[in-house]
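One file, my_file.cif, is given below (mmCIF, C-alpha atoms).
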```cif
data_start
loop_
_atom_site.label_atom_id
_atom_site.label_comp_id
_atom_site.auth_asym_id
_atom_site.auth_seq_id
_atom_site.Cartn_x
_atom_site.Cartn_y
_atom_site.Cartn_z
CA MET A 50 0.00 0.00 0.00
CA THR A 51 2.90 2.38 0.56
CA SER A 52 3.61 2.39 -3.19
CA SER A 53 0.25 4.07 -3.87
CA ALA A 54 0.99 7.07 -1.64
CA PRO A 55 3.60 8.63 -4.00
CA GLN A 56 1.33 7.99 -6.99
CA THR A 57 -1.59 9.70 -5.22
CA THR A 58 0.64 12.65 -4.34
CA THR A 59 1.76 12.89 -7.97
CA GLN A 60 -1.84 12.70 -9.18
CA ASP A 61 -2.86 15.39 -6.68
CA HIS A 62 0.00 17.61 -7.83
CA SER A 63 -0.92 17.04 -11.49
CA SER A 64 -4.55 17.89 -10.76
CA GLU A 65 -3.50 21.08 -8.98
CA LEU A 66 -1.30 22.10 -11.91
CA LEU A 67 -4.10 21.43 -14.39
CA GLU A 68 -6.57 23.40 -12.29
CA SER A 69 -4.09 26.27 -12.07
CA LEU A 70 -3.55 26.29 -15.85
CA ILE A 71 -7.29 26.21 -16.54
CA ALA A 72 -7.92 28.99 -14.01
CA GLY A 73 -5.21 31.08 -15.67
CA GLU A 74 -6.74 30.54 -19.11
CA ILE A 75 -10.23 31.45 -17.88
CA SER A 76 -8.80 34.54 -16.21
CA LEU A 77 -7.21 35.65 -19.50
CA GLN A 78 -10.49 35.12 -21.33
CA ILE A 79 -12.37 37.19 -18.74
CA GLN A 80 -9.75 39.95 -18.99
CA ASN A 81 -10.16 39.97 -22.77
CA ILE A 82 -13.93 40.27 -22.43
CA ALA A 83 -13.53 43.10 -19.90
CA GLU A 84 -11.07 44.94 -22.16
CA GLY A 85 -13.45 44.56 -25.09
CA LEU A 86 -16.32 46.02 -23.08
CA GLN A 87 -14.11 48.92 -22.01
CA ARG A 88 -13.16 49.60 -25.64
CA GLU A 89 -16.88 49.73 -26.40
CA GLY A 90 -17.20 52.46 -23.78
CA TRP A 91 -18.41 50.57 -20.73
CA PRO A 92 -16.88 51.86 -17.48
CA MET A 93 -14.94 49.32 -15.43
CA PRO A 94 -17.34 49.43 -12.43
CA LEU A 95 -20.18 48.31 -14.75
CA VAL A 96 -17.97 45.68 -16.38
CA LYS A 97 -17.18 44.27 -12.93
CA LEU A 98 -20.87 44.30 -12.06
CA PHE A 99 -21.68 42.39 -15.26
CA MET A 100 -19.01 39.83 -14.44
CA HIS A 101 -20.21 39.47 -10.87
CA VAL A 102 -23.82 38.94 -11.97
CA ALA A 103 -22.70 36.38 -14.56
CA VAL A 104 -20.76 34.41 -11.95
CA GLU A 105 -23.62 34.55 -9.46
CA ASP A 106 -25.98 33.17 -12.14
CA LEU A 107 -23.82 30.11 -12.82
CA PRO A 108 -25.46 26.81 -11.88
CA GLU A 109 -24.07 24.91 -8.92
#
```

As C-alpha cells:
Amino acid sequence: MTSSAPQTTTQDHSSELLESLIAGEISLQIQNIAEGLQREGWPMPLVKLFMHVAVEDLPE
C-alpha cells in the first residue's frame, strides 16, 4: 500500500497544476472580455458588475 501514496501525491499535484492552468486561461479570457467592453465604452465598475452577476448566475 505504501507504493500508492507517492502515486496519489503525484496525481494530486498534477490535478492542482491542471486546475491552475485552466484557471489562468479562464482569467485571461475574462480579462479579454472586460477589455473589449471597455473599448466599447463601458466603465470598469459596470464591467465588474456584469461579471459578478454572470458568476452569481452560474449553476451549482

Check: Separation of atom CA of A:Arg88 and atom CA of A:Ser69, in Å?
Finding: 28.5 Å

Margin query: To test your reading of the syntax: which residues would the PyMOL selection byres ((chain A and resi 83) around 10) return for the file shown? Reply as a PyMOL selection string.
Written below: chain A and resi 77-82+84-89+91-93+95-97+99-100

How big is the axis-aligned box, and where does its centre sit, when it encloses all atoms of stretch 65-74 of chain A listed in the file and has 8 Å added on every side, reported in Å to one decimal as AutoDock Vina command-line options?
```
--center_x -4.6 --center_y 26.1 --center_z -14.0 --size_x 22.6 --size_y 26.0 --size_z 26.1
```

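Taking atom CA of A:Ser76 and atom CA of A:Val104 as endpoints, the distance between them is 12.7 Å.
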
Next item on the list: In Å, rounded to a single decimal, give me how far atom CA of A:Gly90 is from atom CA of A:Asp106.
Entry: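 Computing it gives 24.2 Å between the two atoms.
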
Taking the partial coordinates given, rebuild stretch 95-106 of chain A to contain all heavy atoms; return it as a PDB file, in the frame of the given file.
```
ATOM      1  N   LEU A  95     -19.068  49.054 -14.149  1.00  0.00           N
ATOM      2  CA  LEU A  95     -20.180  48.310 -14.750  1.00  0.00           C
ATOM      3  C   LEU A  95     -19.709  46.967 -15.288  1.00  0.00           C
ATOM      4  O   LEU A  95     -20.412  45.964 -15.168  1.00  0.00           O
ATOM      5  CB  LEU A  95     -20.841  49.118 -15.858  1.00  0.00           C
ATOM      6  CG  LEU A  95     -21.926  50.081 -15.429  1.00  0.00           C
ATOM      7  CD1 LEU A  95     -22.492  50.827 -16.633  1.00  0.00           C
ATOM      8  CD2 LEU A  95     -23.036  49.381 -14.691  1.00  0.00           C
ATOM      9  N   VAL A  96     -18.527  46.936 -15.873  1.00  0.00           N
ATOM     10  CA  VAL A  96     -17.970  45.680 -16.380  1.00  0.00           C
ATOM     11  C   VAL A  96     -17.840  44.686 -15.225  1.00  0.00           C
ATOM     12  O   VAL A  96     -18.244  43.524 -15.338  1.00  0.00           O
ATOM     13  CB  VAL A  96     -16.611  45.904 -17.073  1.00  0.00           C
ATOM     14  CG1 VAL A  96     -15.939  44.585 -17.407  1.00  0.00           C
ATOM     15  CG2 VAL A  96     -16.783  46.750 -18.329  1.00  0.00           C
ATOM     16  N   LYS A  97     -17.316  45.149 -14.095  1.00  0.00           N
ATOM     17  CA  LYS A  97     -17.180  44.270 -12.930  1.00  0.00           C
ATOM     18  C   LYS A  97     -18.535  43.798 -12.432  1.00  0.00           C
ATOM     19  O   LYS A  97     -18.690  42.642 -12.044  1.00  0.00           O
ATOM     20  CB  LYS A  97     -16.414  44.983 -11.815  1.00  0.00           C
ATOM     21  CG  LYS A  97     -14.941  45.139 -12.115  1.00  0.00           C
ATOM     22  CD  LYS A  97     -14.230  45.811 -10.964  1.00  0.00           C
ATOM     23  CE  LYS A  97     -12.744  45.916 -11.209  1.00  0.00           C
ATOM     24  NZ  LYS A  97     -12.042  46.509 -10.065  1.00  0.00           N
ATOM     25  N   LEU A  98     -19.517  44.684 -12.463  1.00  0.00           N
ATOM     26  CA  LEU A  98     -20.870  44.300 -12.060  1.00  0.00           C
ATOM     27  C   LEU A  98     -21.410  43.226 -12.988  1.00  0.00           C
ATOM     28  O   LEU A  98     -21.980  42.225 -12.532  1.00  0.00           O
ATOM     29  CB  LEU A  98     -21.802  45.515 -12.053  1.00  0.00           C
ATOM     30  CG  LEU A  98     -23.266  45.224 -11.724  1.00  0.00           C
ATOM     31  CD1 LEU A  98     -23.406  44.692 -10.302  1.00  0.00           C
ATOM     32  CD2 LEU A  98     -24.109  46.470 -11.917  1.00  0.00           C
ATOM     33  N   PHE A  99     -21.229  43.396 -14.300  1.00  0.00           N
ATOM     34  CA  PHE A  99     -21.680  42.390 -15.260  1.00  0.00           C
ATOM     35  C   PHE A  99     -21.032  41.038 -14.968  1.00  0.00           C
ATOM     36  O   PHE A  99     -21.703  40.004 -14.988  1.00  0.00           O
ATOM     37  CB  PHE A  99     -21.348  42.800 -16.695  1.00  0.00           C
ATOM     38  CG  PHE A  99     -21.992  44.070 -17.173  1.00  0.00           C
ATOM     39  CD1 PHE A  99     -21.428  44.779 -18.217  1.00  0.00           C
ATOM     40  CD2 PHE A  99     -23.149  44.550 -16.598  1.00  0.00           C
ATOM     41  CE1 PHE A  99     -22.019  45.949 -18.689  1.00  0.00           C
ATOM     42  CE2 PHE A  99     -23.753  45.717 -17.052  1.00  0.00           C
ATOM     43  CZ  PHE A  99     -23.185  46.413 -18.099  1.00  0.00           C
ATOM     44  N   MET A 100     -19.731  41.066 -14.713  1.00  0.00           N
ATOM     45  CA  MET A 100     -19.010  39.830 -14.440  1.00  0.00           C
ATOM     46  C   MET A 100     -19.511  39.173 -13.158  1.00  0.00           C
ATOM     47  O   MET A 100     -19.713  37.959 -13.106  1.00  0.00           O
ATOM     48  CB  MET A 100     -17.491  40.088 -14.327  1.00  0.00           C
ATOM     49  CG  MET A 100     -16.848  40.620 -15.574  1.00  0.00           C
ATOM     50  SD  MET A 100     -16.743  39.362 -16.844  1.00  0.00           S
ATOM     51  CE  MET A 100     -15.907  40.271 -18.121  1.00  0.00           C
ATOM     52  N   HIS A 101     -19.735  39.988 -12.144  1.00  0.00           N
ATOM     53  CA  HIS A 101     -20.210  39.470 -10.870  1.00  0.00           C
ATOM     54  C   HIS A 101     -21.584  38.813 -11.044  1.00  0.00           C
ATOM     55  O   HIS A 101     -21.820  37.704 -10.551  1.00  0.00           O
ATOM     56  CB  HIS A 101     -20.287  40.592  -9.824  1.00  0.00           C
ATOM     57  CG  HIS A 101     -20.846  40.153  -8.514  1.00  0.00           C
ATOM     58  ND1 HIS A 101     -20.110  39.399  -7.611  1.00  0.00           N
ATOM     59  CD2 HIS A 101     -22.061  40.331  -7.960  1.00  0.00           C
ATOM     60  CE1 HIS A 101     -20.865  39.146  -6.570  1.00  0.00           C
ATOM     61  NE2 HIS A 101     -22.052  39.696  -6.743  1.00  0.00           N
ATOM     62  N   VAL A 102     -22.476  39.483 -11.748  1.00  0.00           N
ATOM     63  CA  VAL A 102     -23.820  38.940 -11.970  1.00  0.00           C
ATOM     64  C   VAL A 102     -23.727  37.632 -12.752  1.00  0.00           C
ATOM     65  O   VAL A 102     -24.401  36.651 -12.435  1.00  0.00           O
ATOM     66  CB  VAL A 102     -24.711  39.966 -12.697  1.00  0.00           C
ATOM     67  CG1 VAL A 102     -26.013  39.338 -13.173  1.00  0.00           C
ATOM     68  CG2 VAL A 102     -25.000  41.157 -11.786  1.00  0.00           C
ATOM     69  N   ALA A 103     -22.861  37.602 -13.755  1.00  0.00           N
ATOM     70  CA  ALA A 103     -22.700  36.380 -14.560  1.00  0.00           C
ATOM     71  C   ALA A 103     -22.220  35.209 -13.711  1.00  0.00           C
ATOM     72  O   ALA A 103     -22.722  34.089 -13.824  1.00  0.00           O
ATOM     73  CB  ALA A 103     -21.720  36.634 -15.711  1.00  0.00           C
ATOM     74  N   VAL A 104     -21.276  35.463 -12.818  1.00  0.00           N
ATOM     75  CA  VAL A 104     -20.760  34.410 -11.950  1.00  0.00           C
ATOM     76  C   VAL A 104     -21.831  33.950 -10.960  1.00  0.00           C
ATOM     77  O   VAL A 104     -22.013  32.756 -10.726  1.00  0.00           O
ATOM     78  CB  VAL A 104     -19.488  34.872 -11.204  1.00  0.00           C
ATOM     79  CG1 VAL A 104     -19.099  33.896 -10.102  1.00  0.00           C
ATOM     80  CG2 VAL A 104     -18.341  35.066 -12.183  1.00  0.00           C
ATOM     81  N   GLU A 105     -22.564  34.899 -10.415  1.00  0.00           N
ATOM     82  CA  GLU A 105     -23.620  34.550  -9.460  1.00  0.00           C
ATOM     83  C   GLU A 105     -24.712  33.709 -10.122  1.00  0.00           C
ATOM     84  O   GLU A 105     -25.350  32.907  -9.463  1.00  0.00           O
ATOM     85  CB  GLU A 105     -24.220  35.810  -8.853  1.00  0.00           C
ATOM     86  CG  GLU A 105     -23.303  36.529  -7.887  1.00  0.00           C
ATOM     87  CD  GLU A 105     -22.972  35.696  -6.658  1.00  0.00           C
ATOM     88  OE1 GLU A 105     -23.893  35.083  -6.096  1.00  0.00           O
ATOM     89  OE2 GLU A 105     -21.791  35.688  -6.272  1.00  0.00           O
ATOM     90  N   ASP A 106     -24.923  33.901 -11.427  1.00  0.00           N
ATOM     91  CA  ASP A 106     -25.980  33.170 -12.140  1.00  0.00           C
ATOM     92  C   ASP A 106     -25.540  31.791 -12.629  1.00  0.00           C
ATOM     93  O   ASP A 106     -26.353  31.054 -13.200  1.00  0.00           O
ATOM     94  CB  ASP A 106     -26.464  33.997 -13.338  1.00  0.00           C
ATOM     95  CG  ASP A 106     -27.318  35.176 -12.914  1.00  0.00           C
ATOM     96  OD1 ASP A 106     -27.782  35.201 -11.757  1.00  0.00           O
ATOM     97  OD2 ASP A 106     -27.517  36.084 -13.745  1.00  0.00           O
TER      98      ASP A 106
END
```
